[in-house]
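What's in query11.pdb: PDB, N, CA and C atoms
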```pdb
ATOM      1  N   MET V1139     109.090  79.923 104.746
ATOM      2  CA  MET V1139     110.050  79.073 105.410
ATOM      3  C   MET V1139     110.571  79.780 106.659
ATOM      4  N   MET V1140     110.739  79.011 107.712
ATOM      5  CA  MET V1140     111.206  79.561 108.979
ATOM      6  C   MET V1140     112.731  79.716 108.961
ATOM      7  N   PRO V1141     113.238  80.825 109.522
ATOM      8  CA  PRO V1141     114.688  80.985 109.603
ATOM      9  C   PRO V1141     115.269  79.969 110.585
ATOM     10  N   PRO V1142     116.548  79.648 110.463
ATOM     11  CA  PRO V1142     117.150  78.648 111.346
ATOM     12  C   PRO V1142     117.062  79.011 112.830
ATOM     13  N   ASP V1143     117.065  80.285 113.136
ATOM     14  CA  ASP V1143     117.020  80.711 114.540
ATOM     15  C   ASP V1143     115.623  81.166 114.972
ATOM     16  N   TRP V1144     114.590  80.586 114.371
ATOM     17  CA  TRP V1144     113.224  81.037 114.634
ATOM     18  C   TRP V1144     112.843  80.900 116.098
ATOM     19  N   GLN V1145     113.319  79.850 116.782
ATOM     20  CA  GLN V1145     112.947  79.674 118.185
ATOM     21  C   GLN V1145     113.506  80.811 119.044
ATOM     22  N   GLU V1146     114.731  81.188 118.786
ATOM     23  CA  GLU V1146     115.328  82.295 119.520
ATOM     24  C   GLU V1146     114.595  83.598 119.225
ATOM     25  N   LEU V1147     114.291  83.842 117.954
ATOM     26  CA  LEU V1147     113.572  85.063 117.575
ATOM     27  C   LEU V1147     112.178  85.105 118.196
ATOM     28  N   MET V1148     111.502  83.963 118.212
ATOM     29  CA  MET V1148     110.165  83.892 118.798
ATOM     30  C   MET V1148     110.228  84.180 120.296
ATOM     31  N   THR V1149     111.219  83.607 120.970
ATOM     32  CA  THR V1149     111.384  83.844 122.399
ATOM     33  C   THR V1149     111.641  85.320 122.675
ATOM     34  N   GLU V1150     112.461  85.948 121.852
ATOM     35  CA  GLU V1150     112.727  87.374 122.032
ATOM     36  C   GLU V1150     111.459  88.207 121.867
ATOM     37  N   MET V1151     110.632  87.862 120.895
ATOM     38  CA  MET V1151     109.373  88.597 120.701
ATOM     39  C   MET V1151     108.459  88.405 121.897
ATOM     40  N   ILE V1152     108.332  87.165 122.354
ATOM     41  CA  ILE V1152     107.397  86.869 123.435
ATOM     42  C   ILE V1152     107.809  87.554 124.733
ATOM     43  N   ARG V1153     109.103  87.606 125.006
ATOM     44  CA  ARG V1153     109.528  88.231 126.262
ATOM     45  C   ARG V1153     109.726  89.740 126.145
ATOM     46  N   GLY V1154     109.446  90.284 124.963
ATOM     47  CA  GLY V1154     109.482  91.728 124.785
ATOM     48  C   GLY V1154     110.837  92.293 124.402
ATOM     49  N   ALA V1155     111.816  91.444 124.079
ATOM     50  CA  ALA V1155     113.147  91.908 123.706
ATOM     51  C   ALA V1155     113.238  92.270 122.225
ATOM     52  N   ALA V1156     112.228  91.907 121.459
ATOM     53  CA  ALA V1156     112.171  92.240 120.027
ATOM     54  C   ALA V1156     110.741  92.633 119.706
ATOM     55  N   PRO V1157     110.548  93.499 118.721
ATOM     56  CA  PRO V1157     109.180  93.883 118.358
ATOM     57  C   PRO V1157     108.395  92.688 117.820
ATOM     58  N   LEU V1158     107.094  92.701 118.079
ATOM     59  CA  LEU V1158     106.240  91.630 117.576
ATOM     60  C   LEU V1158     106.193  91.668 116.056
ATOM     61  N   SER V1159     106.295  90.516 115.459
ATOM     62  CA  SER V1159     106.212  90.403 114.009
ATOM     63  C   SER V1159     105.302  89.226 113.679
ATOM     64  N   GLY V1160     104.309  89.454 112.866
ATOM     65  CA  GLY V1160     103.368  88.411 112.511
ATOM     66  C   GLY V1160     103.709  87.682 111.229
ATOM     67  N   GLU V1161     104.927  87.840 110.733
ATOM     68  CA  GLU V1161     105.272  87.269 109.427
ATOM     69  C   GLU V1161     105.230  85.738 109.394
ATOM     70  N   TRP V1162     105.332  85.070 110.545
ATOM     71  CA  TRP V1162     105.282  83.600 110.564
ATOM     72  C   TRP V1162     103.875  83.077 110.814
ATOM     73  N   TYR V1163     102.919  83.961 110.983
ATOM     74  CA  TYR V1163     101.554  83.579 111.305
ATOM     75  C   TYR V1163     100.632  83.928 110.145
ATOM     76  N   THR V1164      99.593  83.172 110.013
ATOM     77  CA  THR V1164      98.674  83.388 108.897
ATOM     78  C   THR V1164      97.485  84.249 109.258
ATOM     79  N   GLY V1165      97.233  84.408 110.532
ATOM     80  CA  GLY V1165      96.031  85.123 110.933
ATOM     81  C   GLY V1165      94.843  84.193 110.856
ATOM     82  N   SER V1166      93.705  84.726 111.158
ATOM     83  CA  SER V1166      92.478  83.931 111.096
ATOM     84  C   SER V1166      91.321  84.874 110.800
ATOM     85  N   GLY V1167      90.136  84.339 110.841
ATOM     86  CA  GLY V1167      88.969  85.177 110.590
ATOM     87  C   GLY V1167      88.769  86.250 111.635
ATOM     88  N   SER V1168      89.337  86.040 112.831
ATOM     89  CA  SER V1168      89.119  87.007 113.906
ATOM     90  C   SER V1168      90.406  87.636 114.447
ATOM     91  N   LEU V1169      91.591  87.111 114.070
ATOM     92  CA  LEU V1169      92.844  87.647 114.584
ATOM     93  C   LEU V1169      93.830  87.946 113.460
ATOM     94  N   THR V1170      94.545  89.044 113.613
ATOM     95  CA  THR V1170      95.636  89.332 112.676
ATOM     96  C   THR V1170      96.851  88.513 113.129
ATOM     97  N   PRO V1171      97.851  88.360 112.279
ATOM     98  CA  PRO V1171      99.066  87.668 112.715
ATOM     99  C   PRO V1171      99.705  88.311 113.956
ATOM    100  N   GLU V1172      99.703  89.626 114.031
ATOM    101  CA  GLU V1172     100.272  90.315 115.188
ATOM    102  C   GLU V1172      99.469  90.017 116.450
ATOM    103  N   GLN V1173      98.159  89.908 116.322
ATOM    104  CA  GLN V1173      97.335  89.563 117.480
ATOM    105  C   GLN V1173      97.623  88.135 117.946
ATOM    106  N   GLN V1174      97.895  87.238 116.997
ATOM    107  CA  GLN V1174      98.215  85.861 117.375
ATOM    108  C   GLN V1174      99.491  85.805 118.208
ATOM    109  N   ILE V1175     100.558  86.451 117.778
ATOM    110  CA  ILE V1175     101.796  86.441 118.562
ATOM    111  C   ILE V1175     101.604  87.232 119.848
ATOM    112  N   GLY V1176     100.742  88.231 119.818
ATOM    113  CA  GLY V1176     100.435  88.995 121.026
ATOM    114  C   GLY V1176      99.817  88.131 122.119
ATOM    115  N   ILE V1177      99.058  87.122 121.733
ATOM    116  CA  ILE V1177      98.476  86.195 122.712
ATOM    117  C   ILE V1177      99.592  85.453 123.436
ATOM    118  N   TYR V1178     100.583  84.976 122.695
ATOM    119  CA  TYR V1178     101.722  84.305 123.321
ATOM    120  C   TYR V1178     102.449  85.250 124.271
ATOM    121  N   GLU V1179     102.621  86.489 123.835
ATOM    122  CA  GLU V1179     103.317  87.476 124.652
ATOM    123  C   GLU V1179     102.568  87.711 125.971
ATOM    124  N   GLU V1180     101.277  87.872 125.894
ATOM    125  CA  GLU V1180     100.476  88.125 127.099
ATOM    126  C   GLU V1180     100.488  86.924 128.037
ATOM    127  N   GLN V1181     100.376  85.723 127.495
ATOM    128  CA  GLN V1181     100.413  84.525 128.329
ATOM    129  C   GLN V1181     101.758  84.396 129.041
ATOM    130  N   PHE V1182     102.846  84.696 128.338
ATOM    131  CA  PHE V1182     104.179  84.670 128.945
ATOM    132  C   PHE V1182     104.241  85.666 130.099
ATOM    133  N   ARG V1183     103.769  86.875 129.854
ATOM    134  CA  ARG V1183     103.790  87.908 130.886
ATOM    135  C   ARG V1183     103.004  87.473 132.115
ATOM    136  N   LEU V1184     101.829  86.899 131.909
ATOM    137  CA  LEU V1184     101.006  86.459 133.037
ATOM    138  C   LEU V1184     101.667  85.330 133.820
ATOM    139  N   ARG V1185     102.276  84.366 133.119
ATOM    140  CA  ARG V1185     102.960  83.268 133.820
ATOM    141  C   ARG V1185     104.155  83.788 134.610
ATOM    142  N   MET V1186     104.913  84.694 134.018
ATOM    143  CA  MET V1186     106.078  85.232 134.709
ATOM    144  C   MET V1186     105.663  86.057 135.924
ATOM    145  N   TRP V1187     104.608  86.807 135.810
ATOM    146  CA  TRP V1187     104.105  87.621 136.921
ATOM    147  C   TRP V1187     103.750  86.717 138.096
ATOM    148  N   ASP V1188     102.971  85.678 137.831
ATOM    149  CA  ASP V1188     102.585  84.759 138.897
ATOM    150  C   ASP V1188     103.803  84.077 139.513
ATOM    151  N   ALA V1189     104.753  83.662 138.675
ATOM    152  CA  ALA V1189     105.956  82.991 139.175
ATOM    153  C   ALA V1189     106.772  83.936 140.058
ATOM    154  N   LEU V1190     106.932  85.179 139.639
ATOM    155  CA  LEU V1190     107.699  86.137 140.441
ATOM    156  C   LEU V1190     107.053  86.365 141.795
ATOM    157  N   LEU V1191     105.759  86.555 141.801
ATOM    158  CA  LEU V1191     105.083  86.821 143.074
ATOM    159  C   LEU V1191     105.101  85.597 143.978
ATOM    160  N   GLU V1192     105.082  84.406 143.399
ATOM    161  CA  GLU V1192     105.127  83.177 144.195
ATOM    162  C   GLU V1192     106.536  82.907 144.715
ATOM    163  N   GLU V1193     107.529  83.074 143.860
ATOM    164  CA  GLU V1193     108.908  82.760 144.230
ATOM    165  C   GLU V1193     109.549  83.850 145.098
ATOM    166  N   ILE V1194     109.089  85.065 144.960
ATOM    167  CA  ILE V1194     109.655  86.184 145.729
ATOM    168  C   ILE V1194     108.492  86.892 146.430
ATOM    169  N   PRO V1195     107.971  86.261 147.489
ATOM    170  CA  PRO V1195     106.766  86.814 148.123
ATOM    171  C   PRO V1195     106.921  88.245 148.631
ATOM    172  N   GLY V1196     108.121  88.654 149.015
ATOM    173  CA  GLY V1196     108.305  90.011 149.527
ATOM    174  C   GLY V1196     108.432  91.055 148.435
ATOM    175  N   LEU V1197     108.467  90.621 147.157
ATOM    176  CA  LEU V1197     108.659  91.569 146.064
ATOM    177  C   LEU V1197     107.565  92.628 146.022
ATOM    178  N   SER V1198     106.323  92.206 146.102
ATOM    179  CA  SER V1198     105.246  93.202 146.025
ATOM    180  C   SER V1198     105.250  94.099 147.259
ATOM    181  N   ARG V1199     105.628  93.573 148.411
ATOM    182  CA  ARG V1199     105.696  94.408 149.613
ATOM    183  C   ARG V1199     106.857  95.399 149.505
ATOM    184  N   LEU V1200     107.982  94.930 148.988
ATOM    185  CA  LEU V1200     109.159  95.780 148.844
ATOM    186  C   LEU V1200     108.927  96.921 147.853
ATOM    187  N   LEU V1201     108.302  96.602 146.715
ATOM    188  CA  LEU V1201     108.086  97.603 145.672
ATOM    189  C   LEU V1201     106.822  98.419 145.866
ATOM    190  N   GLY V1202     105.895  97.906 146.645
ATOM    191  CA  GLY V1202     104.646  98.618 146.921
ATOM    192  C   GLY V1202     103.851  98.903 145.661
ATOM    193  N   ASP V1203     103.415 100.143 145.517
ATOM    194  CA  ASP V1203     102.584 100.517 144.369
ATOM    195  C   ASP V1203     103.336 100.469 143.038
ATOM    196  N   ASP V1204     104.657 100.409 143.082
ATOM    197  CA  ASP V1204     105.469 100.376 141.854
ATOM    198  C   ASP V1204     105.665  98.972 141.300
ATOM    199  N   VAL V1205     105.141  97.951 141.980
ATOM    200  CA  VAL V1205     105.421  96.572 141.575
ATOM    201  C   VAL V1205     105.023  96.285 140.122
ATOM    202  N   GLU V1206     103.870  96.729 139.694
ATOM    203  CA  GLU V1206     103.448  96.448 138.319
ATOM    204  C   GLU V1206     104.320  97.181 137.307
ATOM    205  N   ARG V1207     104.663  98.406 137.571
ATOM    206  CA  ARG V1207     105.496  99.178 136.653
ATOM    207  C   ARG V1207     106.898  98.580 136.554
ATOM    208  N   VAL V1208     107.478  98.189 137.677
ATOM    209  CA  VAL V1208     108.836  97.672 137.694
ATOM    210  C   VAL V1208     108.911  96.281 137.067
ATOM    211  N   VAL V1209     107.980  95.432 137.435
ATOM    212  CA  VAL V1209     108.004  94.061 136.927
ATOM    213  C   VAL V1209     107.529  94.049 135.493
TER
END
```

Please lay out the structure from this file as structure tokens.
Amino acid sequence: MMPPDWQELMTEMIRGAAPLSGEWYTGSGSLTPEQQIGIYEEQFRLRMWDALLEEIPGLSRLLGDDVERVV
């Protein structure tokens, strides 16, 4: 059974504010539960990266080689 605040907890895991936990996932023949939530985490990171670079075009120029580490 899902806890009442599962959406908040899931959001925290995906954005990296809480450790990944696969307890709500069943896994599959090729992925563990942690790998399943990891896919969501990676997709979130990629969408946010693209949005930041699009919305703040000078960010990568301002940060230079540190842009990936900082973001």

Atom pair atom CA of V:Met1151 / atom CA of V:Leu1200: separation (Å):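 The value is 29.0 Å.
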
Atomic distance atom CA of V:Gly1160 - atom CA of V:Ile1175, expressed in Å with one decimal: 6.6 Å

Pairwise distance for atom CA of V:Ser1198 and atom CA of V:Glu1180, rounded to one decimal in Å: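 Computed distance, atom CA of V:Ser1198 to atom CA of V:Glu1180, equals 20.2 Å.
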
Selection result for the PyMOL selection byres ((chain V and resi 1172) around 8) on this file, as a list of chain:residue names: V:Leu1158, V:Ser1159, V:Gly1160, V:Glu1161, V:Tyr1163, V:Thr1164, V:Gly1165, V:Leu1169, V:Thr1170, V:Pro1171, V:Gln1173, V:Gln1174, V:Ile1175, V:Gly1176, V:Ile1177

Chain V: residues DSSP assigns to helix (DSSP H, G or I), reported as a ChimeraX atom specification: /V:1144-1152,1171-1193,1197-1208

Selection dump of the PyMOL selection byres ((chain V and resi 1152) around 7), as a ChimeraX atom specification: /V:1147-1151,1153-1156,1158,1175,1178-1180,1182-1183
